[in-house]
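Coordinates as given in structure-v9.txt (compact mmCIF, C-alpha atoms (C1' of nucleotides)):
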```
# COMPACT_ATOMS: atom_id res chain seq x y z
CA MET A 2 -31.65 -43.77 24.46
CA MET A 3 -29.84 -45.09 27.44
CA GLY A 4 -32.86 -44.75 29.64
CA GLU A 5 -33.76 -48.40 30.00
CA ASP A 6 -34.03 -49.10 33.63
CA LYS A 7 -31.19 -51.32 34.66
CA PHE A 8 -33.25 -54.10 36.12
CA ASP A 9 -36.58 -54.15 34.36
CA ILE A 10 -37.12 -57.44 32.72
CA SER A 11 -39.55 -58.31 30.03
CA PRO A 12 -42.34 -56.51 28.24
CA GLU A 13 -44.05 -58.60 25.62
CA TRP A 14 -43.51 -58.20 21.94
CA VAL A 15 -46.76 -57.28 20.27
CA ASP A 16 -48.08 -60.04 18.11
CA GLY A 17 -50.01 -59.68 14.89
CA GLU A 18 -53.40 -59.61 16.59
CA THR A 19 -52.51 -56.91 19.01
CA LYS A 20 -50.91 -54.89 16.30
CA ALA A 21 -54.18 -54.53 14.44
CA LEU A 22 -55.71 -52.85 17.46
CA GLU A 23 -52.98 -50.31 17.93
CA ALA A 24 -53.01 -46.68 17.10
CA PRO A 25 -51.30 -46.07 13.78
CA GLY A 26 -47.62 -45.45 14.25
CA ASP A 27 -47.27 -47.28 17.52
CA HIS A 28 -43.69 -48.46 17.59
CA ARG A 29 -43.29 -49.13 21.26
CA ALA A 30 -42.20 -52.73 20.94
CA GLU A 31 -39.44 -51.94 18.48
CA LEU A 32 -38.28 -49.03 20.61
CA ARG A 33 -38.04 -51.20 23.69
CA LEU A 34 -36.12 -53.81 21.80
CA TRP A 35 -33.72 -51.22 20.47
CA LEU A 36 -33.24 -49.78 23.92
CA ARG A 37 -32.44 -53.13 25.40
CA LEU A 38 -30.01 -53.95 22.63
CA LEU A 39 -28.28 -50.65 23.12
CA THR A 40 -28.10 -51.12 26.87
CA CYS A 41 -26.41 -54.50 26.52
CA SER A 42 -23.99 -53.24 23.99
CA THR A 43 -23.15 -50.12 26.01
CA LEU A 44 -22.57 -52.08 29.21
CA VAL A 45 -20.16 -54.46 27.53
CA GLU A 46 -18.41 -51.74 25.62
CA SER A 47 -17.82 -49.54 28.66
CA GLU A 48 -16.44 -52.46 30.60
CA VAL A 49 -14.06 -53.37 27.79
CA ARG A 50 -12.88 -49.78 27.47
CA ARG A 51 -12.33 -49.52 31.19
CA ARG A 52 -10.26 -52.68 31.32
CA LEU A 53 -8.21 -51.87 28.25
CA ARG A 54 -7.31 -48.61 29.88
CA GLU A 55 -6.57 -50.10 33.28
CA GLU A 56 -4.68 -53.19 32.25
CA PHE A 57 -2.99 -51.99 29.08
CA ASP A 58 -3.27 -48.22 29.10
CA SER A 59 -4.88 -48.58 25.70
CA THR A 60 -8.22 -47.83 24.05
CA LEU A 61 -10.90 -49.69 22.16
CA PRO A 62 -10.25 -48.02 18.81
CA ARG A 63 -6.57 -48.95 18.98
CA PHE A 64 -7.44 -52.50 19.91
CA ASP A 65 -9.93 -52.72 17.05
CA LEU A 66 -7.44 -51.40 14.55
CA MET A 67 -4.83 -53.92 15.64
CA ALA A 68 -7.44 -56.67 15.53
CA GLN A 69 -8.03 -55.86 11.87
CA LEU A 70 -4.33 -56.00 11.14
CA GLU A 71 -3.78 -59.26 12.94
CA ARG A 72 -5.63 -61.13 10.21
CA ALA A 73 -3.67 -59.41 7.47
CA PRO A 74 -0.04 -60.48 7.79
CA ASP A 75 0.84 -58.54 4.64
CA GLY A 76 -0.77 -55.39 5.89
CA MET A 77 -3.84 -53.53 4.83
CA VAL A 78 -4.66 -50.39 2.90
CA LEU A 79 -5.98 -47.52 5.03
CA GLY A 80 -9.24 -47.31 3.13
CA GLU A 81 -9.89 -50.97 3.71
CA VAL A 82 -9.30 -50.59 7.44
CA SER A 83 -11.67 -47.67 7.52
CA LYS A 84 -14.41 -49.68 5.79
CA ARG A 85 -14.00 -52.71 7.99
CA MET A 86 -14.05 -50.69 11.16
CA MET A 87 -17.00 -48.67 9.88
CA VAL A 88 -15.38 -45.40 10.83
CA SER A 89 -14.47 -42.35 8.80
CA PRO A 90 -11.17 -42.23 6.93
CA GLY A 91 -10.05 -39.17 8.83
CA ASN A 92 -10.40 -41.15 12.00
CA ILE A 93 -8.01 -43.79 10.80
CA THR A 94 -5.41 -41.17 9.99
CA VAL A 95 -5.23 -40.11 13.63
CA LEU A 96 -5.20 -43.64 15.04
CA VAL A 97 -2.46 -44.69 12.65
CA GLU A 98 -0.33 -41.73 13.66
CA ARG A 99 -0.40 -42.71 17.31
CA LEU A 100 0.05 -46.42 16.78
CA THR A 101 3.01 -45.70 14.53
CA GLU A 102 4.57 -43.42 17.13
CA SER A 103 4.18 -46.08 19.78
CA GLY A 104 5.76 -48.68 17.54
CA HIS A 105 2.76 -50.98 17.26
CA ILE A 106 2.32 -50.65 13.53
CA SER A 107 4.41 -49.80 10.52
CA ARG A 108 3.33 -47.78 7.54
CA THR A 109 4.51 -47.89 3.93
CA THR A 110 3.59 -46.05 0.79
CA LEU A 111 2.80 -48.40 -2.07
CA PRO A 112 5.53 -47.76 -4.67
CA THR A 113 3.22 -48.35 -7.63
CA ASP A 114 0.54 -45.96 -6.37
CA ARG A 115 1.80 -43.27 -4.10
CA ARG A 116 -1.66 -42.37 -2.88
CA VAL A 117 -1.93 -45.70 -1.10
CA GLN A 118 -0.70 -46.26 2.46
CA ILE A 119 -0.26 -49.77 3.77
CA ILE A 120 -0.11 -50.48 7.47
CA ALA A 121 0.82 -53.66 9.28
CA LEU A 122 1.50 -54.84 12.82
CA THR A 123 5.13 -54.77 13.88
CA PRO A 124 6.39 -57.81 15.79
CA PHE A 125 6.11 -55.73 18.95
CA GLY A 126 2.59 -54.69 18.01
CA ARG A 127 1.62 -58.27 17.34
CA ALA A 128 2.96 -59.44 20.67
CA GLU A 129 1.12 -56.69 22.50
CA PHE A 130 -2.04 -57.38 20.62
CA GLU A 131 -1.94 -61.05 21.48
CA LYS A 132 -1.75 -60.27 25.16
CA MET A 133 -4.68 -57.91 24.88
CA ALA A 134 -6.75 -60.26 22.75
CA ALA A 135 -6.39 -63.08 25.26
CA ARG A 136 -7.55 -60.88 28.11
CA HIS A 137 -10.31 -59.42 25.97
CA ALA A 138 -11.65 -62.88 25.23
CA ASP A 139 -11.70 -63.64 28.94
CA TRP A 140 -13.64 -60.49 29.73
CA ILE A 141 -16.28 -61.18 27.12
CA SER A 142 -16.54 -64.77 28.15
CA ASP A 143 -17.09 -63.68 31.71
CA LEU A 144 -19.73 -61.11 30.80
CA PHE A 145 -21.63 -63.68 28.75
CA ALA A 146 -21.11 -66.53 31.22
CA GLY A 147 -24.62 -66.33 32.63
CA LEU A 148 -26.12 -67.18 29.26
CA ALA A 149 -26.91 -70.85 28.73
CA ALA A 150 -25.39 -72.48 25.64
CA LYS A 151 -28.82 -72.79 24.11
CA ASP A 152 -29.54 -69.09 24.64
CA GLY A 153 -26.27 -68.15 23.04
CA GLY A 154 -27.27 -70.03 19.92
CA VAL A 155 -30.74 -68.53 19.82
CA LEU A 156 -29.40 -65.04 20.33
CA MET A 157 -26.86 -65.54 17.58
CA ASP A 158 -29.59 -66.54 15.15
CA GLU A 159 -31.98 -63.80 16.11
CA LEU A 160 -29.27 -61.20 15.80
CA ALA A 161 -28.50 -62.54 12.34
CA LYS A 162 -32.11 -61.89 11.40
CA LEU A 163 -32.00 -58.46 12.89
CA LYS A 164 -28.83 -57.66 11.01
CA ARG A 165 -30.48 -58.66 7.75
CA SER A 166 -33.45 -56.48 8.60
CA ILE A 167 -31.24 -53.48 9.30
CA ILE A 168 -29.16 -53.92 6.18
CA ALA A 169 -32.30 -54.28 4.08
CA ALA A 170 -33.74 -51.10 5.55
CA LEU A 171 -30.52 -49.19 4.92
CA ALA A 172 -30.53 -50.43 1.33
CA ARG A 173 -34.15 -49.33 0.85
CA ASN A 174 -33.40 -45.74 1.79
CA THR A 175 -30.50 -45.37 -0.54
CA MET B 20 -14.30 -55.20 17.31
CA MET B 21 -16.18 -54.01 14.30
CA GLY B 22 -14.66 -56.60 12.07
CA GLU B 23 -17.68 -58.84 11.59
CA ASP B 24 -18.14 -59.30 7.92
CA LYS B 25 -21.29 -57.54 6.91
CA PHE B 26 -23.02 -60.50 5.40
CA ASP B 27 -21.80 -63.60 7.13
CA ILE B 28 -24.64 -65.44 8.67
CA SER B 29 -24.56 -68.05 11.35
CA PRO B 30 -21.83 -69.92 13.16
CA GLU B 31 -23.13 -72.37 15.71
CA TRP B 32 -23.04 -71.78 19.41
CA VAL B 33 -20.96 -74.41 21.09
CA ASP B 34 -23.00 -76.76 23.19
CA GLY B 35 -21.97 -78.42 26.39
CA GLU B 36 -20.53 -81.49 24.66
CA THR B 37 -18.39 -79.55 22.29
CA LYS B 38 -17.18 -77.31 25.04
CA ALA B 39 -15.58 -80.22 26.89
CA LEU B 40 -13.43 -80.96 23.87
CA GLU B 41 -12.16 -77.46 23.41
CA ALA B 42 -8.80 -76.08 24.32
CA PRO B 43 -8.99 -74.32 27.65
CA GLY B 44 -9.87 -70.68 27.19
CA ASP B 45 -11.61 -71.02 23.88
CA HIS B 46 -14.07 -68.18 23.81
CA ARG B 47 -14.80 -68.00 20.12
CA ALA B 48 -18.54 -68.42 20.37
CA GLU B 49 -18.93 -65.62 22.88
CA LEU B 50 -16.68 -63.36 20.85
CA ARG B 51 -18.72 -63.91 17.74
CA LEU B 52 -21.91 -63.21 19.59
CA TRP B 53 -20.49 -60.01 21.02
CA LEU B 54 -19.28 -58.93 17.60
CA ARG B 55 -22.65 -59.49 16.07
CA LEU B 56 -24.41 -57.63 18.84
CA LEU B 57 -22.03 -54.73 18.46
CA THR B 58 -22.49 -54.66 14.70
CA CYS B 59 -26.26 -54.43 14.99
CA SER B 60 -26.07 -51.77 17.58
CA THR B 61 -23.49 -49.73 15.66
CA LEU B 62 -25.47 -49.89 12.44
CA VAL B 63 -28.63 -48.63 14.09
CA GLU B 64 -26.84 -46.01 16.09
CA SER B 65 -25.00 -44.53 13.12
CA GLU B 66 -28.19 -44.35 11.13
CA VAL B 67 -30.00 -42.58 13.94
CA ARG B 68 -27.15 -40.11 14.36
CA ARG B 69 -27.09 -39.42 10.65
CA ARG B 70 -30.79 -38.73 10.48
CA LEU B 71 -30.89 -36.60 13.60
CA ARG B 72 -28.21 -34.47 12.04
CA GLU B 73 -29.82 -34.30 8.63
CA GLU B 74 -33.42 -33.78 9.63
CA PHE B 75 -33.01 -31.82 12.83
CA ASP B 76 -29.45 -30.61 12.88
CA SER B 77 -29.19 -32.31 16.26
CA THR B 78 -27.23 -35.11 17.87
CA LEU B 79 -27.92 -38.35 19.69
CA PRO B 80 -26.69 -37.18 23.10
CA ARG B 81 -28.97 -34.17 22.92
CA PHE B 82 -31.88 -36.32 21.92
CA ASP B 83 -31.17 -38.74 24.74
CA LEU B 84 -30.96 -35.99 27.29
CA MET B 85 -34.27 -34.55 26.18
CA ALA B 86 -35.78 -38.02 26.21
CA GLN B 87 -34.87 -38.33 29.88
CA LEU B 88 -36.45 -34.99 30.66
CA GLU B 89 -39.64 -35.72 28.80
CA ARG B 90 -40.68 -38.19 31.46
CA ALA B 91 -39.90 -35.78 34.26
CA PRO B 92 -42.30 -32.85 33.97
CA ASP B 93 -40.90 -31.34 37.15
CA GLY B 94 -37.36 -31.57 35.95
CA MET B 95 -34.47 -33.69 37.03
CA VAL B 96 -31.28 -33.26 39.00
CA LEU B 97 -28.09 -33.31 36.92
CA GLY B 98 -26.65 -36.28 38.77
CA GLU B 99 -29.77 -38.28 38.12
CA VAL B 100 -29.60 -37.53 34.41
CA SER B 101 -25.96 -38.58 34.37
CA LYS B 102 -26.78 -41.91 36.02
CA ARG B 103 -29.69 -42.67 33.74
CA MET B 104 -27.77 -41.87 30.62
CA MET B 105 -24.78 -43.84 31.90
CA VAL B 106 -22.38 -41.04 31.04
CA SER B 107 -19.96 -39.06 33.15
CA PRO B 108 -21.18 -36.02 35.07
CA GLY B 109 -18.78 -33.74 33.23
CA ASN B 110 -20.40 -34.77 30.03
CA ILE B 111 -23.79 -33.64 31.22
CA THR B 112 -22.41 -30.23 32.10
CA VAL B 113 -21.45 -29.57 28.49
CA LEU B 114 -24.68 -30.90 27.00
CA VAL B 115 -26.74 -28.84 29.39
CA GLU B 116 -24.83 -25.71 28.49
CA ARG B 117 -25.66 -26.08 24.82
CA LEU B 118 -29.26 -27.12 25.26
CA THR B 119 -29.77 -24.17 27.56
CA GLU B 120 -28.25 -21.77 25.05
CA SER B 121 -30.51 -23.11 22.34
CA GLY B 122 -33.56 -22.71 24.54
CA HIS B 123 -34.51 -26.36 24.73
CA ILE B 124 -34.08 -26.73 28.46
CA SER B 125 -34.16 -24.52 31.51
CA ARG B 126 -31.92 -24.80 34.51
CA THR B 127 -32.56 -23.81 38.11
CA THR B 128 -30.56 -23.99 41.27
CA LEU B 129 -32.46 -25.67 44.06
CA PRO B 130 -32.99 -22.92 46.69
CA THR B 131 -32.67 -25.30 49.61
CA ASP B 132 -29.41 -26.82 48.38
CA ARG B 133 -27.37 -24.59 46.17
CA ARG B 134 -25.18 -27.44 44.96
CA VAL B 135 -28.10 -28.96 43.13
CA GLN B 136 -29.03 -28.00 39.57
CA ILE B 137 -32.42 -28.95 38.20
CA ILE B 138 -33.07 -29.01 34.49
CA ALA B 139 -36.33 -29.36 32.62
CA LEU B 140 -37.64 -29.13 29.08
CA THR B 141 -38.97 -25.74 28.06
CA PRO B 142 -42.24 -25.72 26.09
CA PHE B 143 -40.17 -25.12 22.98
CA GLY B 144 -37.85 -27.97 23.88
CA ARG B 145 -40.77 -30.27 24.48
CA ALA B 146 -42.32 -29.42 21.13
CA GLU B 147 -39.03 -30.00 19.34
CA PHE B 148 -38.46 -33.24 21.16
CA GLU B 149 -41.89 -34.54 20.23
CA LYS B 150 -41.17 -33.99 16.57
CA MET B 151 -37.87 -35.77 16.85
CA ALA B 152 -39.26 -38.63 18.91
CA ALA B 153 -41.96 -39.35 16.36
CA ARG B 154 -39.44 -39.51 13.54
CA HIS B 155 -37.05 -41.51 15.65
CA ALA B 156 -39.72 -44.12 16.30
CA ASP B 157 -40.35 -44.36 12.57
CA TRP B 158 -36.68 -44.92 11.83
CA ILE B 159 -36.33 -47.67 14.39
CA SER B 160 -39.53 -49.29 13.27
CA ASP B 161 -38.25 -49.29 9.72
CA LEU B 162 -34.86 -50.74 10.66
CA PHE B 163 -36.53 -53.54 12.62
CA ALA B 164 -39.31 -54.12 10.10
CA GLY B 165 -37.74 -57.24 8.63
CA LEU B 166 -37.99 -59.01 11.97
CA ALA B 167 -41.08 -61.18 12.42
CA ALA B 168 -43.21 -60.49 15.49
CA LYS B 169 -42.17 -63.81 16.96
CA ASP B 170 -38.48 -63.01 16.50
CA GLY B 171 -38.92 -59.67 18.15
CA GLY B 172 -40.30 -61.40 21.19
CA VAL B 173 -37.58 -64.01 21.30
CA LEU B 174 -34.87 -61.41 20.89
CA MET B 175 -36.37 -59.32 23.67
CA ASP B 176 -36.27 -62.29 26.03
CA GLU B 177 -32.80 -63.40 25.10
CA LEU B 178 -31.46 -59.90 25.52
CA ALA B 179 -33.05 -59.80 28.96
CA LYS B 180 -31.06 -62.89 29.85
CA LEU B 181 -27.92 -61.41 28.43
CA LYS B 182 -28.45 -58.24 30.39
CA ARG B 183 -28.77 -60.22 33.60
CA SER B 184 -25.59 -62.08 32.75
CA ILE B 185 -23.69 -58.87 32.16
CA ILE B 186 -24.94 -57.20 35.30
CA ALA B 187 -24.09 -60.28 37.33
CA ALA B 188 -20.56 -60.33 35.90
CA LEU B 189 -20.08 -56.64 36.63
CA ALA B 190 -21.27 -57.21 40.19
CA ARG B 191 -18.87 -60.13 40.63
CA ASN B 192 -15.82 -58.04 39.79
CA THR B 193 -16.60 -55.28 42.20
C1' DC C 2 -20.12 -23.08 66.58
C1' DG C 3 -16.36 -24.94 63.56
C1' DG C 4 -14.06 -27.85 61.04
C1' DA C 5 -13.86 -32.62 58.72
C1' DG C 6 -15.79 -34.97 55.40
C1' DA C 7 -19.20 -35.83 51.95
C1' DA C 8 -21.95 -34.52 47.85
C1' DA C 9 -22.97 -32.14 43.42
C1' DT C 10 -21.09 -30.07 39.84
C1' DT C 11 -17.48 -28.02 36.94
C1' DT C 12 -13.01 -27.74 34.92
C1' DC C 13 -9.22 -29.73 32.57
C1' DA C 14 -6.42 -32.38 29.45
C1' DA C 15 -6.48 -35.81 26.30
C1' DG C 16 -8.44 -38.61 22.94
C1' DC C 17 -12.19 -40.09 19.70
C1' DT C 18 -15.42 -39.05 15.95
C1' DT C 19 -17.54 -37.04 12.09
C1' DA C 20 -18.61 -34.45 7.67
C1' DA C 21 -16.85 -31.55 4.55
C1' DA C 22 -13.13 -29.33 2.24
C1' DA C 23 -8.55 -29.64 0.63
C1' DT C 24 -4.45 -32.27 -1.12
C1' DT C 25 -2.07 -35.28 -3.74
C1' DG C 26 -1.74 -38.65 -7.13
C1' DT C 27 -3.65 -41.61 -10.93
C1' DT C 28 -6.56 -42.62 -14.83
C1' DT C 29 -9.45 -41.69 -18.60
C1' DT C 30 -11.00 -39.24 -22.43
C1' DC C 31 -10.80 -36.46 -26.21
C1' DG D 16 -0.71 -35.29 -23.89
C1' DA D 17 -3.61 -32.15 -21.45
C1' DA D 18 -7.88 -31.58 -18.93
C1' DA D 19 -11.30 -33.67 -16.46
C1' DA D 20 -12.71 -37.14 -13.55
C1' DC D 21 -11.77 -40.02 -9.99
C1' DA D 22 -9.35 -42.08 -5.71
C1' DA D 23 -6.88 -42.22 -1.37
C1' DT D 24 -5.72 -39.73 2.29
C1' DT D 25 -5.24 -35.65 5.29
C1' DT D 26 -6.82 -31.49 7.32
C1' DT D 27 -10.17 -28.78 9.68
C1' DA D 28 -13.74 -27.38 12.74
C1' DA D 29 -16.92 -28.83 15.82
C1' DG D 30 -18.75 -31.78 19.15
C1' DC D 31 -18.67 -35.87 22.36
C1' DT D 32 -16.48 -38.46 26.10
C1' DT D 33 -13.79 -39.70 29.92
C1' DG D 34 -11.20 -39.77 34.47
C1' DA D 35 -9.17 -37.04 37.60
C1' DA D 36 -8.60 -32.81 39.98
C1' DA D 37 -10.73 -28.73 41.66
C1' DT D 38 -14.70 -26.00 43.44
C1' DT D 39 -18.61 -24.98 45.88
C1' DT D 40 -21.89 -26.08 49.16
C1' DC D 41 -23.85 -28.72 52.64
C1' DT D 42 -23.97 -31.89 56.82
C1' DC D 43 -22.69 -33.71 60.90
C1' DC D 44 -19.99 -34.57 64.88
C1' DG D 45 -17.85 -32.93 68.83
```

For this file, produce the structure as C-alpha cells.
Amino acid sequence: MMGEDKFDISPEWVDGETKALEAPGDHRAELRLWLRLLTCSTLVESEVRRRLREEFDSTLPRFDLMAQLERAPDGMVLGEVSKRMMVSPGNITVLVERLTESGHISRTTLPTDRRVQIIALTPFGRAEFEKMAARHADWISDLFAGLAAKDGGVLMDELAKLKRSIIAALARNT
Amino acid sequence: MMGEDKFDISPEWVDGETKALEAPGDHRAELRLWLRLLTCSTLVESEVRRRLREEFDSTLPRFDLMAQLERAPDGMVLGEVSKRMMVSPGNITVLVERLTESGHISRTTLPTDRRVQIIALTPFGRAEFEKMAARHADWISDLFAGLAAKDGGVLMDELAKLKRSIIAALARNT
DNA sequence: CGGAGAAATTTCAAGCTTAAAATTGTTTTC
DNA sequence: GAAAACAATTTTAAGCTTGAAATTTCTCCG
C-alpha cells in the first residue's frame, strides 16, 4: 500500500479507448491513483503527528477531538463526536478519559437522559487548542505551499468527485 | 481533522487576488483541501481494512508487507521493507513474527552478515497474496468507479504536484 | 589485533484502534 | 406496568504503531 516510490512522477490514466483493449479486470490505473493518494495523505499525517508531539506533547486524535469541540460551544454528545471523527465509540471513551484528566475537556451527564454524556472544551482546553490550531494551519500551509492556486482549486474539485464516487460505492454495497 | 461534513461539496480555492486581501496567516483553503484529502483516504482505507478482515481474516499492514515482498522474488532485507512501507523498524519486527508463524513468509539470516534478516513470501504466502490482491483491486476499482477517465488523469497529475510540494516542504525543514 | 563507532534489528512502554460483548438506562408495546 | 426492544456508552481482547533504549554484529582505524 505504501509502496509508491517516493519520487516517481506520472503514469497516464487509461482513457476509454485503451480500456477496451485491456485484459478484463485490469485495475492498474485506479490502484496507482489510490497509492498516490495514500502516499500524500500519509506523508502529511506523519508530519503533523510528529510536530504535535514535538511542539505540544500531544497527538493527532486528541487534536481532532478538540477540533470537533471547538465548533460546539455548548458541548457535544459522545456519539456525535464518534460519528464526526469516524472512529469507534470505544475509542472516544479512552480519549475522553485522558483529555478530562489533563483538564482540556469537561464531561457532564445529561440530567434528562442519564445514558448521555456531554463533553466540552474547558477554557484551558480552548486556549491550548487555539495555540495548536494556529501552528497546525501553518504546517499544512507550508506543506501545500508548492501547489499553485489554480492546482489547489482543481484538486479540491477532483477530490469532491472522488468523494462522491466513494460514498456512492459504499452505499451500493450496503 | 476528520470533521469534513460528509456531503459538503466545493468551496473555492483562493486565487492570487483574493489572497492579497486576506488577513495574514489565513490558511483556510489549504486546510479544507487537506481535510478533503484525508476524508477520501480514510474512507477508502477503512473499507479496505474491513474487507480484508471479513473476506480474509487479515489486516492492511499484513497485506502491505506481502505486497512489498511480491515484487522481490529473492526476498528483502527488513530495513528495506521498513523504509518502503514508511513505518518504524520495530513495527516490522512484530508483523514479520506473525506472518512467519502463519506460514506466509520465510525468514533467513544472511550468512555473510548476521545482523541482516531477509524475508520472502513462501509459495503459500504468494498464493494467498494473489487472491487478496485480486480482490483488493476490485474493491478499489469499485470505489473509484464514479470517477470519469478524464478526472482520474487530472487527479493523478494534481496529486503528483502535491506530492512534490510536500516532499519539498519536508526537505526544507530538515 | 582491539576497541570505537556504526548498522540492523529487537525490546519496551505507552498510546491508538477496532469489533464484539456487556452495561446501563430509556422507550415502546401489549 | 412489565417485558421486550432499543440506545448510549464502556469494557475487553487483540493488534498496530511509535520513539527511544538496548542488543548484537560488523567495520574500520590505529

Practice task
Name the residues in contact with DT28 (chain C) at a cut-off of 10 Å, using only C-alpha atoms (C1' of nucleotides), excluding same-chain residues fewer than 5 positions from it; report them as a list of chain:residue names.
Solution key: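 The residues that qualify are D:DA20, D:DC21, D:DA22.
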
Generate a file of the selected residues that holds C-alpha atoms (C1' of nucleotides), formatted as an mmCIF file, in the coordinates of the input.
```cif
data_model
loop_
_atom_site.group_PDB
_atom_site.id
_atom_site.type_symbol
_atom_site.label_atom_id
_atom_site.label_comp_id
_atom_site.auth_asym_id
_atom_site.auth_seq_id
_atom_site.Cartn_x
_atom_site.Cartn_y
_atom_site.Cartn_z
ATOM 1 C "C1'" DA D 20 -12.710 -37.140 -13.550
ATOM 2 C "C1'" DC D 21 -11.770 -40.020 -9.990
ATOM 3 C "C1'" DA D 22 -9.350 -42.080 -5.710
#
```

Practice task
Counting only C-alpha atoms (C1' of nucleotides), figure out which residue out of D:DG34, D:DT40, D:DG16, D:DT25 gets nearest to chain A.
Solution key: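 Between D:DG34, D:DT40, D:DG16, D:DT25, the residue approaching chain A most closely is D:DT25.
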
Problem - Check: which chain A residues lie within 8 Å of chain D using all atoms listed in the file, as a VMD selection string - result: chain A and resid 80 90 to 91 94 116 to 117

Handout entry: Separation of CA of Leu160 (chain A) from CA of Ile93 (chain A), in Å and rounded to one decimal
Key = 27.9 Å

Problem - Given only C-alpha atoms as the counted atoms, nearest of B:Ser77, B:Thr119, B:Thr131, B:Gln87 to chain A - result: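 Going through B:Ser77, B:Thr119, B:Thr131, B:Gln87 one by one, the smallest distance to chain A is for B:Gln87.
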
Practice task
Take CA of Cys59 (chain B) and CA of Ser47 (chain A) and report the distance between them in Å, one decimal.
Solution key: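 Answer for the CA of Cys59 (chain B) to CA of Ser47 (chain A) separation: 16.8 Å.
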
Practice task
Could you jot down the CA of Glu66 (chain B) to CA of Met87 (chain A) separation for me, Å, one decimal place?
Solution key: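 Taking CA of Glu66 (chain B) as the start and CA of Met87 (chain A) as the end point, the length is 12.1 Å.
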
Exercise for the section: Select residues of chain C: the criterion is any atom within 7 Å of an atom of chain A, counting all atoms listed in the file; output as a ChimeraX atom specification. Expected result: /C:18-19,26

With a distance cut-off of 8 Å and all atoms listed in the file, select the neighbouring residues of region 88-93 of chain B, excluding the residue or stretch itself and same-chain residues fewer than 4 positions from it, and output the selection as a compact mmCIF listing (two decimals) with C-alpha atoms, in the coordinates of the input.
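Result went into selection.txt, see below:
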```
# COMPACT_ATOMS: atom_id res chain seq x y z
CA LEU B 84 -30.96 -35.99 27.29
CA ILE B 138 -33.07 -29.01 34.49
CA ALA B 139 -36.33 -29.36 32.62
CA LEU B 140 -37.64 -29.13 29.08
CA ARG B 145 -40.77 -30.27 24.48
```

Exercise for the section: Pick out the closest residue to Arg165 (chain A) from this set: B:Val67, B:Pro130, B:Phe143, B:Ala167. Count only C-alpha atoms. Expected result: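 Of the candidates, the smallest distance to Arg165 (chain A) is held by B:Ala167.
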
Using only C-alpha atoms (C1' of nucleotides), find all polymer residues with an atom at most 9 Å away from the point (-39.9, -57.7, 14.9); report them as a PDB file with C-alpha atoms, keeping the file's coordinate frame.
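For reference, part21.pdb as written:
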```pdb
ATOM      1  CA  TRP A  14     -43.510 -58.200  21.940  1.00  0.00           C
ATOM      2  CA  VAL A  15     -46.760 -57.280  20.270  1.00  0.00           C
ATOM      3  CA  ALA A  30     -42.200 -52.730  20.940  1.00  0.00           C
ATOM      4  CA  GLU A  31     -39.440 -51.940  18.480  1.00  0.00           C
ATOM      5  CA  LEU A  34     -36.120 -53.810  21.800  1.00  0.00           C
ATOM      6  CA  LEU A 163     -32.000 -58.460  12.890  1.00  0.00           C
TER       7      LEU A 163
ATOM      8  CA  SER B 160     -39.530 -49.290  13.270  1.00  0.00           C
ATOM      9  CA  PHE B 163     -36.530 -53.540  12.620  1.00  0.00           C
ATOM     10  CA  ALA B 164     -39.310 -54.120  10.100  1.00  0.00           C
ATOM     11  CA  GLY B 165     -37.740 -57.240   8.630  1.00  0.00           C
ATOM     12  CA  LEU B 166     -37.990 -59.010  11.970  1.00  0.00           C
ATOM     13  CA  ALA B 167     -41.080 -61.180  12.420  1.00  0.00           C
ATOM     14  CA  ALA B 168     -43.210 -60.490  15.490  1.00  0.00           C
ATOM     15  CA  LYS B 169     -42.170 -63.810  16.960  1.00  0.00           C
ATOM     16  CA  ASP B 170     -38.480 -63.010  16.500  1.00  0.00           C
ATOM     17  CA  GLY B 171     -38.920 -59.670  18.150  1.00  0.00           C
ATOM     18  CA  GLY B 172     -40.300 -61.400  21.190  1.00  0.00           C
ATOM     19  CA  LEU B 174     -34.870 -61.410  20.890  1.00  0.00           C
TER      20      LEU B 174
END
```

Practice task
Using all atoms listed in the file, find the one residue out of A:Asp158, A:Gly104, A:Ala68, A:Arg51 that sits nearest to Met133 (chain A).
Solution key: A:Ala68

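Considering only C-alpha atoms, the residue among A:Asp27, A:Asp65, A:Glu131, A:Glu56 positioned nearest to chain B is A:Asp65.
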
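Among A:Met86, A:Met77, A:Ala135, A:Ile119, the residue with the shortest atom-to-atom distance to chain B, counting all atoms listed in the file, is A:Met86.
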